[in-house]
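File shown here: run20.cif, holding mmCIF, C-alpha atoms and all ligand atoms.
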```cif
data_model
#
loop_
_atom_site.label_atom_id
_atom_site.label_comp_id
_atom_site.auth_asym_id
_atom_site.auth_seq_id
_atom_site.Cartn_x
_atom_site.Cartn_y
_atom_site.Cartn_z
CA MET A 130 -26.91 -0.23 -23.77
CA ARG A 131 -29.28 -2.40 -25.86
CA ASN A 132 -27.02 -4.71 -27.86
CA PRO A 133 -26.84 -8.14 -26.08
CA LEU A 134 -23.15 -8.36 -27.03
CA GLN A 135 -22.53 -5.25 -24.97
CA TYR A 136 -24.08 -7.00 -21.95
CA VAL A 137 -21.79 -9.98 -22.50
CA ALA A 138 -18.74 -7.70 -22.85
CA LYS A 139 -19.70 -5.90 -19.65
CA ALA A 140 -20.14 -9.18 -17.76
CA LEU A 141 -16.73 -10.34 -19.00
CA SER A 142 -15.10 -7.11 -17.89
CA PHE A 143 -16.56 -7.66 -14.38
CA LEU A 144 -15.03 -11.13 -14.36
CA ARG A 145 -11.66 -9.82 -15.61
CA GLU A 146 -11.45 -7.05 -13.01
CA TYR A 147 -12.52 -9.25 -10.07
CA ALA A 148 -10.14 -11.99 -11.20
CA THR A 149 -7.29 -9.45 -11.37
CA ASP A 150 -8.21 -8.20 -7.88
CA MET A 151 -8.18 -11.76 -6.61
CA TRP A 152 -4.79 -12.53 -8.14
CA LEU A 153 -3.21 -9.31 -6.80
CA PHE A 154 -4.48 -10.07 -3.32
CA ILE A 155 -3.46 -13.72 -3.39
CA LYS A 156 0.01 -12.77 -4.63
CA HIS A 157 0.76 -9.92 -2.24
CA ASN A 158 -1.28 -10.57 0.91
CA ASN A 159 0.47 -11.25 4.19
CA HIS A 160 0.02 -15.03 3.98
CA SER A 161 1.42 -15.31 0.48
CA PRO A 162 4.59 -17.40 0.02
CA LEU A 163 5.37 -15.13 -2.94
CA GLU A 164 5.88 -12.04 -0.75
CA ASP A 165 9.10 -10.93 0.88
CA ARG A 166 9.65 -12.57 4.32
CA ASN A 167 10.80 -9.39 6.09
CA ARG A 168 7.96 -7.35 4.59
CA LYS A 169 5.47 -9.87 5.99
CA ALA A 170 7.22 -9.97 9.38
CA TYR A 171 7.18 -6.16 9.49
CA PHE A 172 3.37 -6.08 9.37
CA GLN A 173 2.83 -9.23 11.47
CA THR A 174 4.92 -7.79 14.29
CA ILE A 175 3.00 -4.51 14.25
CA ILE A 176 -0.37 -6.29 14.23
CA LEU A 177 0.56 -8.70 17.03
CA SER A 178 2.10 -5.92 19.14
CA HIS A 179 -1.09 -3.92 18.77
CA THR A 180 -3.14 -6.82 20.17
CA ILE A 181 -1.02 -6.49 23.35
CA GLU A 182 -1.47 -2.70 23.45
CA LYS A 183 -5.21 -3.09 22.95
CA GLY A 184 -5.49 -5.66 25.73
CA LEU A 185 -3.59 -3.36 28.09
CA SER A 186 -5.83 -0.42 27.20
CA LEU A 187 -8.96 -2.15 28.52
CA ALA A 188 -10.42 -0.95 31.82
CA MET A 189 -9.51 -4.26 33.45
CA PRO A 190 -7.08 -6.36 31.43
CA ARG A 191 -7.13 -10.09 32.14
CA PRO A 192 -3.82 -11.12 33.75
CA LEU A 193 -1.56 -12.90 31.24
CA PHE A 194 -3.99 -12.38 28.37
CA GLY A 195 -2.72 -13.16 24.87
CA ARG A 196 0.18 -15.43 25.87
CA ASN A 197 0.29 -16.96 22.38
CA ASN A 198 0.69 -13.55 20.83
CA VAL A 199 3.52 -12.70 23.22
CA ASP A 200 5.36 -15.88 22.24
CA ALA A 201 4.73 -15.14 18.56
CA ILE A 202 6.08 -11.58 18.89
CA VAL A 203 9.29 -12.77 20.54
CA ALA A 204 9.74 -15.44 17.88
CA GLN A 205 9.20 -12.84 15.13
CA LEU A 206 11.67 -10.43 16.71
CA ARG A 207 14.33 -13.12 16.88
CA SER A 208 14.16 -13.74 13.15
CA TYR A 209 13.42 -10.19 11.95
CA SER A 210 16.20 -8.00 10.61
CA LYS A 211 15.97 -4.57 12.20
CA ALA A 212 18.01 -3.22 9.31
CA TYR A 213 14.78 -3.54 7.35
CA SER A 214 12.95 -1.06 9.62
CA GLU A 215 13.22 -0.39 13.36
CA PHE A 216 9.57 0.57 13.64
CA PRO A 217 8.08 -2.86 14.48
CA VAL A 218 10.94 -3.57 16.91
CA GLY A 219 10.26 -0.36 18.85
CA MET A 220 6.54 -1.03 18.90
CA ALA A 221 6.95 -4.65 19.96
CA THR A 222 9.55 -4.07 22.67
CA GLY A 223 7.45 -1.21 24.09
CA ALA A 224 4.35 -3.42 24.14
CA LEU A 225 6.26 -6.32 25.73
CA ALA A 226 7.76 -4.05 28.41
CA ALA A 227 4.30 -2.62 29.22
CA TYR A 228 2.90 -6.18 29.41
CA ARG A 229 5.68 -7.20 31.78
CA ASP A 230 5.09 -4.12 33.99
CA PHE A 231 1.34 -4.76 34.12
CA SER A 232 1.91 -8.46 34.86
CA ALA A 233 4.36 -7.70 37.65
CA ASP A 234 1.36 -6.72 39.79
CA HIS A 235 -1.02 -9.39 38.51
CA ALA A 236 0.84 -12.66 37.95
CA ALA A 237 3.51 -14.88 39.45
CA ALA A 238 6.99 -13.55 38.67
CA ASP A 239 8.22 -16.97 37.52
CA ASP A 240 5.43 -17.38 34.95
CA PRO A 241 6.99 -18.85 31.76
CA THR A 242 5.54 -16.14 29.48
CA LEU A 243 7.02 -13.41 31.66
CA SER A 244 10.36 -15.22 31.73
CA VAL A 245 10.39 -15.29 27.93
CA ILE A 246 9.77 -11.52 27.82
CA GLU A 247 12.32 -10.87 30.54
CA ARG A 248 15.00 -12.88 28.77
CA TYR A 249 14.31 -11.19 25.47
CA LEU A 250 14.23 -7.62 26.82
CA ASP A 251 17.25 -8.05 29.07
CA SER A 252 19.63 -9.91 26.82
CA GLU A 253 18.43 -10.11 23.24
CA ALA A 254 16.50 -6.91 22.49
CA ALA A 255 18.23 -4.58 20.11
CA PRO A 256 19.93 -1.86 22.16
CA GLY A 257 19.22 1.75 21.26
CA VAL A 258 15.79 1.12 19.78
CA GLU A 259 13.21 3.41 21.35
CA ARG A 260 10.38 1.38 22.93
CA THR A 261 7.42 3.13 21.34
CA GLY A 262 4.55 0.66 21.89
CA GLY A 263 2.48 0.23 25.03
CA VAL A 264 -0.24 2.29 26.64
CA LYS A 265 -0.67 5.99 27.28
CA GLN A 266 -2.95 8.08 29.51
CA VAL A 267 -5.14 10.51 27.58
CA ASP A 268 -7.78 13.08 28.42
CA ALA A 269 -11.22 11.82 27.51
CA ALA A 270 -12.75 13.55 24.49
CA GLY A 271 -14.26 16.84 25.55
CA THR A 272 -12.58 17.16 28.97
CA VAL A 273 -9.70 19.26 27.69
CA PHE A 274 -10.36 21.02 24.42
CA PRO A 275 -7.27 21.14 22.17
CA GLN A 276 -5.71 24.54 21.63
CA SER A 277 -5.39 24.36 17.87
CA ILE A 278 -6.85 22.50 14.93
CA VAL A 279 -3.62 20.51 14.65
CA ASP A 280 -3.83 19.49 18.32
CA PHE A 281 -7.48 18.59 17.78
CA LEU A 282 -6.66 16.35 14.84
CA LYS A 283 -3.77 14.69 16.65
CA SER A 284 -5.70 14.12 19.88
CA ARG A 285 -8.39 11.76 18.58
CA THR A 286 -7.67 8.35 20.05
CA SER A 287 -9.54 5.07 19.92
CA CYS A 288 -11.30 4.53 23.23
CA ARG A 289 -11.95 1.14 24.82
CA MET A 290 -13.14 2.46 28.19
CA PHE A 291 -16.77 3.46 27.71
CA VAL A 292 -19.69 3.79 30.05
CA PRO A 293 -22.73 2.15 28.43
CA ASP A 294 -25.05 5.18 28.87
CA ALA A 295 -27.11 6.02 25.79
CA LEU A 296 -26.14 9.33 24.16
CA PRO A 297 -28.93 11.90 23.88
CA ARG A 298 -30.61 11.93 20.45
CA GLU A 299 -29.71 15.62 19.85
CA GLN A 300 -26.00 14.84 20.24
CA VAL A 301 -26.23 11.95 17.80
CA ASP A 302 -28.10 14.17 15.32
CA GLU A 303 -25.40 16.82 15.72
CA VAL A 304 -22.46 14.50 14.96
CA LEU A 305 -24.30 13.07 11.97
CA THR A 306 -24.99 16.58 10.68
CA ILE A 307 -21.28 17.42 10.95
CA ALA A 308 -20.28 14.13 9.30
CA GLN A 309 -22.50 14.97 6.34
CA SER A 310 -19.77 17.39 5.21
CA ALA A 311 -17.61 14.39 4.20
CA PRO A 312 -16.76 14.46 0.49
CA SER A 313 -18.02 11.77 -1.86
CA GLN A 314 -17.49 10.86 -5.49
CA CYS A 315 -19.71 13.02 -7.72
CA ASN A 316 -21.40 14.01 -4.46
CA ARG A 317 -23.38 10.76 -4.76
CA GLN A 318 -23.50 10.27 -0.98
CA SER A 319 -23.89 6.53 -1.08
CA VAL A 320 -23.09 6.15 2.61
CA ARG A 321 -25.84 5.05 4.99
CA VAL A 322 -25.43 5.12 8.76
CA HIS A 323 -27.27 2.74 11.07
CA PHE A 324 -27.36 3.66 14.74
CA TYR A 325 -28.18 1.32 17.63
CA GLN A 326 -28.71 1.89 21.34
CA GLU A 327 -30.61 -1.27 22.24
CA ARG A 328 -28.09 -3.22 24.36
CA ALA A 329 -29.16 -6.72 23.30
CA ARG A 330 -28.90 -5.85 19.60
CA ILE A 331 -25.51 -4.16 20.09
CA ALA A 332 -24.28 -7.28 21.90
CA SER A 333 -25.39 -9.49 18.97
CA LEU A 334 -23.78 -7.18 16.41
CA LEU A 335 -20.51 -7.01 18.33
CA ARG A 336 -20.42 -10.78 18.75
CA LEU A 337 -20.48 -11.04 14.96
CA GLN A 338 -17.86 -8.29 14.61
CA ALA A 339 -15.55 -10.01 17.12
CA GLY A 340 -13.03 -7.16 17.57
CA ALA A 341 -14.42 -5.57 20.70
CA ALA A 342 -13.72 -8.37 23.17
CA GLY A 343 -13.08 -7.01 26.64
CA PHE A 344 -15.09 -3.82 26.19
CA SER A 345 -18.16 -4.77 24.15
CA GLU A 346 -20.31 -5.05 27.31
CA ASN A 347 -19.83 -1.30 27.88
CA VAL A 348 -20.78 -0.21 24.38
CA GLY A 349 -24.17 1.50 24.59
CA ASN A 350 -24.05 3.35 21.25
CA LEU A 351 -23.03 1.82 17.96
CA PHE A 352 -22.84 3.08 14.39
CA VAL A 353 -22.66 0.76 11.40
CA VAL A 354 -21.45 2.61 8.32
CA THR A 355 -22.54 1.11 4.99
CA SER A 356 -22.61 2.14 1.35
CA GLU A 357 -25.48 1.58 -1.06
CA ILE A 358 -24.22 -0.55 -3.94
CA THR A 359 -26.84 0.91 -6.28
CA ALA A 360 -24.99 4.24 -6.19
CA TRP A 361 -22.12 2.57 -8.08
CA GLY A 362 -21.98 1.18 -11.60
CA GLY A 363 -19.53 -0.72 -13.79
CA PRO A 364 -16.52 -2.86 -12.92
CA GLN A 365 -14.20 0.12 -12.54
CA GLN A 366 -16.22 1.34 -9.55
CA ARG A 367 -16.24 -2.01 -7.74
CA ASN A 368 -14.16 -0.80 -4.75
CA GLN A 369 -15.21 2.82 -4.58
CA MET A 370 -17.85 2.33 -1.88
CA TYR A 371 -15.03 1.56 0.56
CA VAL A 372 -13.29 4.82 -0.32
CA ASP A 373 -16.36 6.99 0.28
CA GLY A 374 -17.32 4.88 3.30
CA GLY A 375 -13.89 5.23 4.89
CA LEU A 376 -13.85 8.98 4.39
CA TYR A 377 -17.31 9.27 5.91
CA ALA A 378 -16.33 7.13 8.91
CA MET A 379 -13.28 9.30 9.58
CA MET A 380 -15.44 12.41 9.42
CA LEU A 381 -17.93 10.83 11.82
CA MET A 382 -15.18 10.03 14.34
CA LEU A 383 -13.80 13.58 14.13
CA ALA A 384 -17.34 14.93 14.51
CA CYS A 385 -17.71 12.84 17.67
CA HIS A 386 -14.35 14.09 18.94
CA SER A 387 -15.45 17.70 18.38
CA GLN A 388 -18.55 17.08 20.50
CA GLY A 389 -16.73 15.39 23.41
CA ILE A 390 -17.80 11.89 22.37
CA ALA A 391 -15.22 9.11 22.39
CA SER A 392 -15.11 6.56 19.59
CA CYS A 393 -13.57 3.28 18.57
CA PRO A 394 -13.55 2.17 14.92
CA LEU A 395 -14.36 -1.52 14.60
CA ASN A 396 -13.36 -3.52 11.55
CA LEU A 397 -15.82 -5.42 9.43
CA ALA A 398 -13.23 -7.67 7.85
CA VAL A 399 -15.74 -10.51 7.69
CA THR A 400 -16.85 -13.20 5.28
CA ASN A 401 -19.93 -12.70 3.14
CA ALA A 402 -21.81 -15.14 5.37
CA VAL A 403 -21.08 -13.05 8.48
CA GLU A 404 -21.91 -9.86 6.57
CA ARG A 405 -25.33 -11.32 5.78
CA LYS A 406 -25.89 -12.19 9.44
CA ILE A 407 -24.93 -8.67 10.52
CA LYS A 408 -27.37 -7.24 7.99
CA THR A 409 -30.12 -9.47 9.32
CA VAL A 410 -29.47 -8.57 12.98
CA GLY A 411 -29.00 -4.90 12.12
CA ASP A 412 -31.99 -4.71 9.77
CA ILE A 413 -29.75 -3.46 6.93
CA SER A 414 -30.95 -3.96 3.37
CA ALA A 415 -29.19 -6.39 0.99
CA ASN A 416 -28.19 -3.63 -1.46
CA GLN A 417 -25.76 -2.12 1.05
CA ARG A 418 -22.15 -3.15 1.70
CA LEU A 419 -20.81 -2.96 5.24
CA ILE A 420 -17.88 -0.57 5.68
CA MET A 421 -17.19 -0.57 9.43
CA MET A 422 -18.71 -0.21 12.88
CA ILE A 423 -17.93 2.64 15.26
CA ALA A 424 -18.55 2.31 19.00
CA VAL A 425 -19.20 5.72 20.56
CA GLY A 426 -20.05 7.12 23.96
CA LYS A 427 -18.78 8.78 27.10
CA THR A 428 -15.64 7.47 28.79
CA SER A 429 -15.53 5.78 32.17
CA ALA A 430 -13.11 8.40 33.59
CA PRO A 431 -11.86 11.90 32.70
CA ARG A 432 -8.45 10.36 31.94
CA ILE A 433 -8.32 6.96 30.31
CA LYS A 434 -5.78 4.41 29.17
CA ALA A 435 -5.35 4.03 25.44
CA ALA A 436 -3.12 1.97 23.19
CA ARG A 437 -0.10 4.03 22.18
CA SER A 438 -0.38 2.95 18.55
CA PRO A 439 2.88 4.69 17.61
CA ARG A 440 3.12 6.05 14.10
CA CYS A 441 5.85 5.45 11.53
CA ARG A 442 8.06 8.35 10.54
CA VAL A 443 6.80 10.22 7.50
CA ALA A 444 9.86 9.02 5.57
CA GLU A 445 8.65 5.44 5.99
CA VAL A 446 5.27 6.04 4.39
CA ALA A 447 5.76 8.94 1.99
CA ARG A 448 7.70 8.91 -1.21
CA PHE A 449 8.39 12.22 -2.88
CA HIS A 450 8.47 11.67 -6.63
C1 LIG B 501 -11.01 0.21 9.86
C2 LIG B 501 -10.55 0.07 11.29
C3 LIG B 501 -10.92 -1.05 11.99
C4 LIG B 501 -10.56 -1.18 13.35
N1 LIG B 501 -10.98 -2.26 14.05
C5 LIG B 501 -10.77 -2.32 15.38
C6 LIG B 501 -11.36 -3.38 16.14
O1 LIG B 501 -12.02 -4.26 15.62
N2 LIG B 501 -11.16 -3.38 17.48
C7 LIG B 501 -10.44 -2.40 18.12
O2 LIG B 501 -10.31 -2.44 19.35
N3 LIG B 501 -9.85 -1.38 17.41
C8 LIG B 501 -10.02 -1.32 16.06
N4 LIG B 501 -9.49 -0.29 15.32
C9 LIG B 501 -8.73 0.76 16.00
C10 LIG B 501 -7.22 0.71 15.69
O3 LIG B 501 -6.64 -0.25 16.48
C11 LIG B 501 -6.64 2.12 15.92
O4 LIG B 501 -7.28 3.03 15.07
C12 LIG B 501 -5.14 2.20 15.64
O5 LIG B 501 -4.40 1.42 16.54
C13 LIG B 501 -4.66 3.65 15.76
O6 LIG B 501 -4.91 4.14 17.05
P1 LIG B 501 -5.80 5.43 17.31
O7 LIG B 501 -7.15 5.22 16.66
O8 LIG B 501 -5.93 5.52 18.81
O9 LIG B 501 -5.10 6.62 16.73
C14 LIG B 501 -9.78 -0.16 13.97
C15 LIG B 501 -9.38 0.93 13.22
C16 LIG B 501 -9.75 1.06 11.90
C17 LIG B 501 -9.32 2.28 11.12
#
```

Could you write out this structure as C-alpha cells?
Amino acid sequence: MRNPLQYVAKALSFLREYATDMWLFIKHNNHSPLEDRNRKAYFQTIILSHTIEKGLSLAMPRPLFGRNNVDAIVAQLRSYSKAYSEFPVGMATGALAAYRDFSADHAAADDPTLSVIERYLDSEAAPGVERTGGVKQVDAAGTVFPQSIVDFLKSRTSCRMFVPDALPREQVDEVLTIAQSAPSQCNRQSVRVHFYQERARIASLLRLQAGAAGFSENVGNLFVVTSEITAWGGPQQRNQMYVDGGLYAMMLMLACHSQGIASCPLNLAVTNAVERKIKTVGDISANQRLIMMIAVGKTSAPRIKAARSPRCRVAEVARFH
C-alpha cells in the first residue's frame, strides 16, 4: 500500500470501527440507561450472587464478608420480575441460604444482615424456585479421574483453595505442550504465555489484578496469557486476539485438569494504565495485549469447596434458527 490516500483511508477505517465499538458498548453495557431494566438486573443479580459463592468457597471465609453485596442482592430480588427468567433468583436465593448457613456458626444470630436474609428467604422469596447457587464439595483435580470425556469436561471447576507449592518444571512444560493444540486463526499462534513462581512477583501481579482476594497468598504458580498485537492487522481484526487468547486459555485449563492440576481463571478487565503496570511487573513487552491470568497448583485437600456457579438451561442461551 504506497498511495498516501490509502494510509488516510485505513486510518479513518480504524477510527470508524473503534467508534462503532465504543457506541455499541456504551449503548448496551450493564450501566447504560438505554438498556432494558430487567435485562440489567438479570446479569447484576448473577454477578453479585457469584461474589457470595466465591467468598464462601475460600478456605477460610471472613464472617459476614460482603454485607453490601448481600443487601444489594435482596434489593435486586425485590424489584426483579421472575417472569423474566428464574435463573438469577435460584442462584441468588441459593447463595443467600448458603451465606446464612455459614454465618449461623460464625456470627451473632441477630446480626442485621442475617435478619435481612432471613426475612427475605422466609417470607418474600419466590416459592418453588430451586435454590441453585451456593457452594459444592468437589474432588480435587487428579484425585478421582473422570470415567468419560464428558465427565472430564464437566468436572473442571475453578479452585480457590491452593497450596502455594511450586509445580515441577516438567509438569508445567507438559500442560503447555498440551495447550499448544489450541486452534488459532490462520494458525498464526499469536498467544504468548508468561509463567511465574516467584512469590513476591505473583503477589504484585495479583494485587494489580484484584480478583483473587482471599486466596492470592496461596497462589504459587501463575500464568499470564497474552497475544502479540503484531500478529494482527487491519481494523477488522481489532478484537481477534481476545478470541484466540480465550481459546488458548481454555485449552490450558483443560490441560491442567488432565494432569491433576487445579486452576482458577482470573480476569484482566483492567484499564490501560493498570495493563501497563502489569506488563512492567511481569516483564511483558509492549506489543502484547493481556488476555487473562490463570492461577494453578495443587489443592489444599483431596476434596475442596468450590462455588456452585450453576449454569443456565440450554434453552436460555441457545437459539435454534
Ligand atoms: C475470563 C474469566 C475471568 C475470571 N476472573 C475471576 C477472578 O478474577 N477471580 C475469581 O475468583 N474467579 C474468576 N473467574 C472464575 C469464574 O468465577 C468461574 O469460571 C465461573 O463462576 C464458573 O465456574 P467454574 O469455573 O467453576 O465452572 C473468571 C473466569 C473467567 C472465564

Discussion item. Between A:Thr222, A:Val279, A:Val137, A:Leu395, which residue has the minimum interatomic distance to ligand LIG 501 (chain B), considering only C-alpha atoms and all ligand atoms?
Written reply: A:Leu395

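Put simply, CA of Val292 in chain A is 8.8 Å away from CA of Ala430 in chain A.
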
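The residue that comes closest to ligand LIG 501 (chain B), out of A:Ala339, A:Ala270, A:Val245, A:Met151 and on the basis of all atoms listed in the file, is A:Ala339.
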
Discussion item. Just want the 9 Å neighbourhood of range 294-303 of chain A, counted on only C-alpha atoms, with same-chain residues fewer than 2 positions away dropped. Output as number ranges by chain.
Written reply: A: 291-292, 305-308, 324, 326-327, 347-350, 384-385, 388, 390, 425-427

Discussion item. If we draw a sphere of 9 Å around (-9.8, 5.3, 37.6), which residues have at least one atom in it when counting all atoms listed in the file? Please report them as a PyMOL selection string.
Written reply: chain A and resi 188+429-433

Would you output that residue set with C-alpha atoms, as an mmCIF file, keeping the file's coordinate frame?
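Result file out-v4.cif:
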```
data_model
loop_
_atom_site.group_PDB
_atom_site.id
_atom_site.type_symbol
_atom_site.label_atom_id
_atom_site.label_comp_id
_atom_site.auth_asym_id
_atom_site.auth_seq_id
_atom_site.Cartn_x
_atom_site.Cartn_y
_atom_site.Cartn_z
ATOM 1 C CA ALA A 188 -10.420 -0.950 31.820
ATOM 2 C CA SER A 429 -15.530 5.780 32.170
ATOM 3 C CA ALA A 430 -13.110 8.400 33.590
ATOM 4 C CA PRO A 431 -11.860 11.900 32.700
ATOM 5 C CA ARG A 432 -8.450 10.360 31.940
ATOM 6 C CA ILE A 433 -8.320 6.960 30.310
#
```

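Taking CA of Leu419 in chain A and CA of Gln309 in chain A as the two end points, the separation is 18.0 Å.
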
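All residues, whether protein, DNA or RNA, that have an atom at most 6 Å from ligand LIG 501 (chain B) (counting all atoms listed in the file) are Thr286, Ser287, Gly340, Ala341, Pro394, Leu395, Asn396 and Ser438 of chain A.
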
Worksheet item: Counting all atoms listed in the file, what is within 7 Å of range 363-377 of chain A, bar same-chain residues fewer than 6 positions away, as a PyMOL selection string?
Response: chain A and resi 142-143+146+308+311+313+320+354-356+420

Write out, as a PDB file, keeping the file's coordinate frame, the residues just selected, with C-alpha atoms.
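In the end it all went to selection_26.pdb:
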```pdb
ATOM      1  CA  SER A 142     -15.100  -7.110 -17.890  1.00  0.00           C
ATOM      2  CA  PHE A 143     -16.560  -7.660 -14.380  1.00  0.00           C
ATOM      3  CA  GLU A 146     -11.450  -7.050 -13.010  1.00  0.00           C
ATOM      4  CA  ALA A 308     -20.280  14.130   9.300  1.00  0.00           C
ATOM      5  CA  ALA A 311     -17.610  14.390   4.200  1.00  0.00           C
ATOM      6  CA  SER A 313     -18.020  11.770  -1.860  1.00  0.00           C
ATOM      7  CA  VAL A 320     -23.090   6.150   2.610  1.00  0.00           C
ATOM      8  CA  VAL A 354     -21.450   2.610   8.320  1.00  0.00           C
ATOM      9  CA  THR A 355     -22.540   1.110   4.990  1.00  0.00           C
ATOM     10  CA  SER A 356     -22.610   2.140   1.350  1.00  0.00           C
ATOM     11  CA  ILE A 420     -17.880  -0.570   5.680  1.00  0.00           C
TER      12      ILE A 420
END
```

Sorted by chain and rising residue number, list the residues of range 194-224 of chain A at most 12 Å from range 442-445 of chain A (counting all atoms listed in the file), each with its closest atom pair and distance in Å to one decimal, as CSV.
```
residue,atom,partner,partner_atom,distance
A:Tyr213,CA,A:Glu445,CA,11.0
A:Ser214,CA,A:Glu445,CA,8.6
A:Glu215,CA,A:Glu445,CA,10.4
A:Phe216,CA,A:Arg442,CA,8.5
A:Pro217,CA,A:Arg442,CA,11.9
```

Grab all the atoms of range 312-317 of chain A that the file lists, wrap them in a box along x, y and z, add 4 Å per side, and give me centre plus edge lengths in Å (one decimal) as JSON.
```
{"center_x": -20.1, "center_y": 12.6, "center_z": -3.6, "size_x": 14.6, "size_y": 11.7, "size_z": 16.2}
```

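Closest approach to Ala233 in chain A among A:Pro192, A:Pro256, A:Pro133, A:Gly271: A:Pro192, based on all atoms listed in the file.
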
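Distance-wise, CA of Ala224 in chain A and CA of Pro275 in chain A end up 27.2 Å apart.
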
Give me the residues within 12 Å of Glu346 in chain A as a compact mmCIF listing (two decimals) with C-alpha atoms, in the frame of the given file, counting all atoms listed in the file and dropping any in the same chain fewer than 3 places off.
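Result file is selection_36.txt:
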```txt
# COMPACT_ATOMS: atom_id res chain seq x y z
CA LEU A 187 -8.96 -2.15 28.52
CA ALA A 188 -10.42 -0.95 31.82
CA ARG A 289 -11.95 1.14 24.82
CA MET A 290 -13.14 2.46 28.19
CA PHE A 291 -16.77 3.46 27.71
CA VAL A 292 -19.69 3.79 30.05
CA PRO A 293 -22.73 2.15 28.43
CA ASP A 294 -25.05 5.18 28.87
CA ARG A 328 -28.09 -3.22 24.36
CA ALA A 329 -29.16 -6.72 23.30
CA ARG A 330 -28.90 -5.85 19.60
CA ILE A 331 -25.51 -4.16 20.09
CA ALA A 332 -24.28 -7.28 21.90
CA SER A 333 -25.39 -9.49 18.97
CA LEU A 334 -23.78 -7.18 16.41
CA LEU A 335 -20.51 -7.01 18.33
CA ARG A 336 -20.42 -10.78 18.75
CA ALA A 341 -14.42 -5.57 20.70
CA ALA A 342 -13.72 -8.37 23.17
CA GLY A 343 -13.08 -7.01 26.64
CA GLY A 349 -24.17 1.50 24.59
CA ASN A 350 -24.05 3.35 21.25
CA LEU A 351 -23.03 1.82 17.96
CA ALA A 424 -18.55 2.31 19.00
```

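The smallest atom-to-atom distance between Arg229 in chain A and any of A:Leu185, A:Leu397, A:Ala447, A:Ala254, using only C-alpha atoms, is found for A:Leu185.
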
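Among A:Asn167, A:Thr149, A:Lys406, A:Ile246, the residue with the shortest atom-to-atom distance to Asp200 in chain A, counting all atoms listed in the file, is A:Ile246.
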
Worksheet entry | Nearest-residue call for Glu182 in chain A, choices A:Tyr147, A:Tyr325, A:Tyr136, A:Phe231, using only C-alpha atoms | A:Phe231
